[in-house]
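Student: Got a structure for you, written out below as structure tokens; questions coming shortly.
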Amino acid sequence: MHLELAVASGRGKCHAVNEDSFSALDRPSPVYVVADGVGGGAMASWASRELVQRLHAALDRHRVEASSISEALLCADRDVGRAIARHTTASGAATVALCAGAGHLLSRWLIAWVGDCRIYRLRATHDEPAELLTRDDTYRHLGEQPPPGGSPDDPARMVGNGAIVDPNVAGVQLGDGEMLVLCSDGLHKHVEPQEINRQLRAGGSLVRCCTRLVELARAHGTHDDATVLAIHRLAQPEQAPR
């Protein structure tokens, strides 16, 4: 079974560099990650890049199960936090979304997330809004009080700040012609699920569709970095992947 893959990412106006990171698409294993360095945090762009690299080092070329994903996220939380502490006393961390395919037909996937990066599923029928598969780890959703000056919609769980106890891991099915879509909050806070589906099903190359989504988030007023990574399970196995 073939996958069609594409990613697009844009730097936000409020950042000197893009603090989002994502997987290279020519991976040896069907494991894909989007990480968002926490804006204003110490070494944000480094934290997101390091997180992506550590997750691939732990999961590529290995049998991926829910337990191994949880362990990889917990180890990354500890190691990224320690590495930041060696350089600065300021806090720093990243949020993350991850998808890992299982089986030679790639019809079963494990998804995982920490913070407010999201994962959506697009059904093969083109008229349905993107289906949200994750639940943001915000103070509001977790029923916790934000710190002074914080917002209830800020992420309460992040990789690198030692706050992870039980990472979110779930199993999902992916049918012929369906997509999994990973994105940072700079995109999903400004583009509705119906529009995500419309843009990714608009035709043309998948990378162009992803680029249009990032451009749309910018047009809708995002000043944050915006990243989208799409995984399309092709309905016809004989089609060549891109």
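Labels for the structure tokens follow display order: chains A, B, ..., residues from 1 in each chain, ligands from 1.
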Using only C-alpha atoms, find each residue in region 193-226 of chain A having at least one atom no more than 9 Å away from region 30-49 of chain A; report its shortest atom-to-atom pair and that distance in Å (one decimal), rows by chain then rising number, as CSV.
Tutor:
```
residue,atom,partner,partner_atom,distance
A:Asp224,CA,A:Gly39,CA,8.3
A:Asp225,CA,A:Asp36,CA,8.3
A:Ala226,CA,A:Asp36,CA,8.9
```
Student: Record the distance separating CA of Glu50 (chain A) and CA of Arg82 (chain A), expressed in Å with one decimal.
Tutor: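 Going from CA of Glu50 (chain A) over to CA of Arg82 (chain A) covers 12.1 Å.
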Student: Given only C-alpha atoms as the basis, pick out the residue of A:Ser151, A:Ser70, A:Ser205, A:Ser9 nearest to Ile164 (chain A).
Tutor: A:Ser70
Student: List the spatial neighbours of His141 (chain A) as a VMD selection string - criterion: any atom at most 12 Å away, only C-alpha atoms, same-chain residues fewer than 4 positions off excluded.
Tutor: chain A and resid 115 to 116 134 to 137 145 to 146 151 to 157
Student: Mind checking which residues fall within 12 Å of Ala85 (chain A), counting only C-alpha atoms, ignoring those fewer than 4 positions away in the same chain, and posting them as a list of chain:residue names?
Tutor: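 The contact residues come out as A:Ala42, A:Met43, A:Ala47, A:Arg78, A:Asp79, A:Val80, A:Gly81, A:Thr89, A:Ala90, A:Ser91, A:Gly92, A:Ala93, A:Gly160, A:Asn161, A:Gly162.
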Student: Considering only C-alpha atoms, state which residue in the set A:Ala230, A:Ser23, A:Ala170, A:Ala83 is at the smallest distance from Ala57 (chain A).
Tutor: A:Ser23
Student: Near region 217-219 of chain A, counting only C-alpha atoms, which residues have an atom at most 9 Å away, once you skip same-chain residues fewer than 4 positions from it, shown as a list in words?
Tutor: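 Once the adjacent positions are removed, what remains is Gly10, Gly12, Gly186, Leu187, His188, Lys189, His190, Val191, Arg212, Leu213, His223, Asp224 and Ala226 of chain A.
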Student: Please produce a file of the residues just selected, as a PDB file, in the first residue's frame, where the atoms kept are C-alpha atoms.
Tutor:
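Just written: selection-v4.pdb:
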```pdb
ATOM      1  CA  GLY A  10       5.587  28.964   7.400  1.00  0.00           C
ATOM      2  CA  GLY A  12       4.963  33.538  11.864  1.00  0.00           C
ATOM      3  CA  GLY A 186      -0.733  28.317  14.327  1.00  0.00           C
ATOM      4  CA  LEU A 187      -2.799  26.587  11.651  1.00  0.00           C
ATOM      5  CA  HIS A 188      -5.758  24.940  13.405  1.00  0.00           C
ATOM      6  CA  LYS A 189      -6.661  28.028  15.443  1.00  0.00           C
ATOM      7  CA  HIS A 190      -7.277  29.944  12.224  1.00  0.00           C
ATOM      8  CA  VAL A 191      -8.612  27.339   9.772  1.00  0.00           C
ATOM      9  CA  ARG A 212      -2.646  26.765   0.486  1.00  0.00           C
ATOM     10  CA  LEU A 213      -3.676  25.841   4.036  1.00  0.00           C
ATOM     11  CA  HIS A 223       1.023  35.584  13.566  1.00  0.00           C
ATOM     12  CA  ASP A 224       2.330  32.217  14.788  1.00  0.00           C
ATOM     13  CA  ALA A 226       1.964  27.283  11.003  1.00  0.00           C
TER      14      ALA A 226
END
```
Student: What gap, in Å, lies between CA of Asp185 (chain A) and CA of Thr227 (chain A)?
Tutor: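 Rounded to one decimal, the two atoms are 8.3 Å apart.
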Student: Enumerate as a list in words all residues of region 58-98 of chain A assigned to helix (DSSP H, G or I) by DSSP on the backbone, naming them with the chain letters and numbers the document uses.
Tutor: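 Matching residues, listed in order: Ala58, Leu59, Ala66, Ser67, Ser68, Ile69, Ser70, Glu71, Ala72, Leu73, Leu74, Cys75, Ala76, Asp77, Arg78, Asp79, Val80, Gly81, Arg82, Ala83, Ile84, Ala85, Arg86 and His87 of chain A.
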Student: Atoms to include: N, CA, C and O atoms. Write the selected residues as a CSV table (one decimal), in the first residue's frame.
Tutor:
```
chain,number,residue,atom,x,y,z
A,58,ALA,N,14.1,6.8,18.5
A,58,ALA,CA,13.5,5.8,19.3
A,58,ALA,C,12.6,4.9,18.6
A,58,ALA,O,12.4,3.7,18.9
A,59,LEU,N,11.9,5.4,17.5
A,59,LEU,CA,10.8,4.6,16.9
A,59,LEU,C,11.1,4.1,15.5
A,59,LEU,O,10.5,3.1,15.1
A,66,ALA,N,1.9,1.1,21.4
A,66,ALA,CA,1.5,2.3,22.3
A,66,ALA,C,2.5,2.5,23.4
A,66,ALA,O,2.8,3.6,23.7
A,67,SER,N,3.0,1.4,23.9
A,67,SER,CA,3.9,1.5,25.1
A,67,SER,C,5.2,2.1,24.6
A,67,SER,O,5.8,2.9,25.3
A,68,SER,N,5.7,1.8,23.4
A,68,SER,CA,7.0,2.3,22.9
A,68,SER,C,6.8,3.8,22.6
A,68,SER,O,7.8,4.6,22.8
A,69,ILE,N,5.7,4.2,22.1
A,69,ILE,CA,5.5,5.6,21.9
A,69,ILE,C,5.4,6.4,23.2
A,69,ILE,O,6.0,7.5,23.3
A,70,SER,N,4.7,5.9,24.2
A,70,SER,CA,4.7,6.5,25.5
A,70,SER,C,6.1,6.7,26.1
A,70,SER,O,6.4,7.7,26.6
A,71,GLU,N,6.8,5.6,26.0
A,71,GLU,CA,8.2,5.6,26.6
A,71,GLU,C,9.1,6.6,25.8
A,71,GLU,O,9.8,7.4,26.4
A,72,ALA,N,8.9,6.7,24.5
A,72,ALA,CA,9.7,7.7,23.7
A,72,ALA,C,9.4,9.1,24.1
A,72,ALA,O,10.3,9.9,24.2
A,73,LEU,N,8.1,9.4,24.3
A,73,LEU,CA,7.7,10.7,24.7
A,73,LEU,C,8.2,11.1,26.1
A,73,LEU,O,8.6,12.2,26.4
A,74,LEU,N,8.1,10.1,27.0
A,74,LEU,CA,8.6,10.4,28.4
A,74,LEU,C,10.1,10.6,28.4
A,74,LEU,O,10.6,11.5,29.2
A,75,CYS,N,10.8,9.8,27.7
A,75,CYS,CA,12.3,10.0,27.6
A,75,CYS,C,12.6,11.3,27.0
A,75,CYS,O,13.5,12.0,27.4
A,76,ALA,N,11.9,11.7,25.9
A,76,ALA,CA,12.2,13.0,25.3
A,76,ALA,C,11.9,14.1,26.3
A,76,ALA,O,12.6,15.1,26.3
A,77,ASP,N,10.8,14.0,27.0
A,77,ASP,CA,10.5,15.0,28.0
A,77,ASP,C,11.6,15.2,29.0
A,77,ASP,O,12.0,16.4,29.3
A,78,ARG,N,12.1,14.1,29.5
A,78,ARG,CA,13.3,14.2,30.4
A,78,ARG,C,14.5,14.8,29.8
A,78,ARG,O,15.2,15.7,30.3
A,79,ASP,N,14.9,14.2,28.6
A,79,ASP,CA,16.1,14.6,28.0
A,79,ASP,C,16.2,16.0,27.4
A,79,ASP,O,17.2,16.7,27.6
A,80,VAL,N,15.0,16.4,26.8
A,80,VAL,CA,15.0,17.8,26.3
A,80,VAL,C,15.0,18.8,27.5
A,80,VAL,O,15.7,19.8,27.4
A,81,GLY,N,14.3,18.5,28.5
A,81,GLY,CA,14.4,19.4,29.7
A,81,GLY,C,15.8,19.5,30.3
A,81,GLY,O,16.2,20.6,30.7
A,82,ARG,N,16.5,18.4,30.4
A,82,ARG,CA,17.8,18.4,30.9
A,82,ARG,C,18.8,19.2,30.0
A,82,ARG,O,19.6,19.9,30.5
A,83,ALA,N,18.6,19.0,28.7
A,83,ALA,CA,19.5,19.7,27.8
A,83,ALA,C,19.3,21.2,27.8
A,83,ALA,O,20.3,22.0,27.8
A,84,ILE,N,18.0,21.6,28.0
A,84,ILE,CA,17.8,23.1,28.1
A,84,ILE,C,18.4,23.6,29.4
A,84,ILE,O,19.0,24.7,29.4
A,85,ALA,N,18.2,22.9,30.4
A,85,ALA,CA,18.8,23.3,31.7
A,85,ALA,C,20.3,23.5,31.7
A,85,ALA,O,20.8,24.3,32.5
A,86,ARG,N,21.0,22.8,30.9
A,86,ARG,CA,22.4,22.9,30.8
A,86,ARG,C,22.8,24.2,30.1
A,86,ARG,O,24.0,24.7,30.3
A,87,HIS,N,21.9,24.9,29.4
A,87,HIS,CA,22.2,26.1,28.7
A,87,HIS,C,21.6,27.3,29.3
A,87,HIS,O,22.1,28.4,29.1
```
Student: From the list A:Glu178, A:Glu144, A:Glu192, A:Asp166, which residue is nearest Arg123 (chain A) when using only C-alpha atoms?
Tutor: A:Glu178
Student: For Arg121 (chain A), please output as JSON, numbers by chain all residues within 7 Å (counting only C-alpha atoms; exclusion window: fewer than 2 positions along the same chain).
Tutor: {"A": [119, 123, 130, 131, 132, 133, 179, 180, 181]}
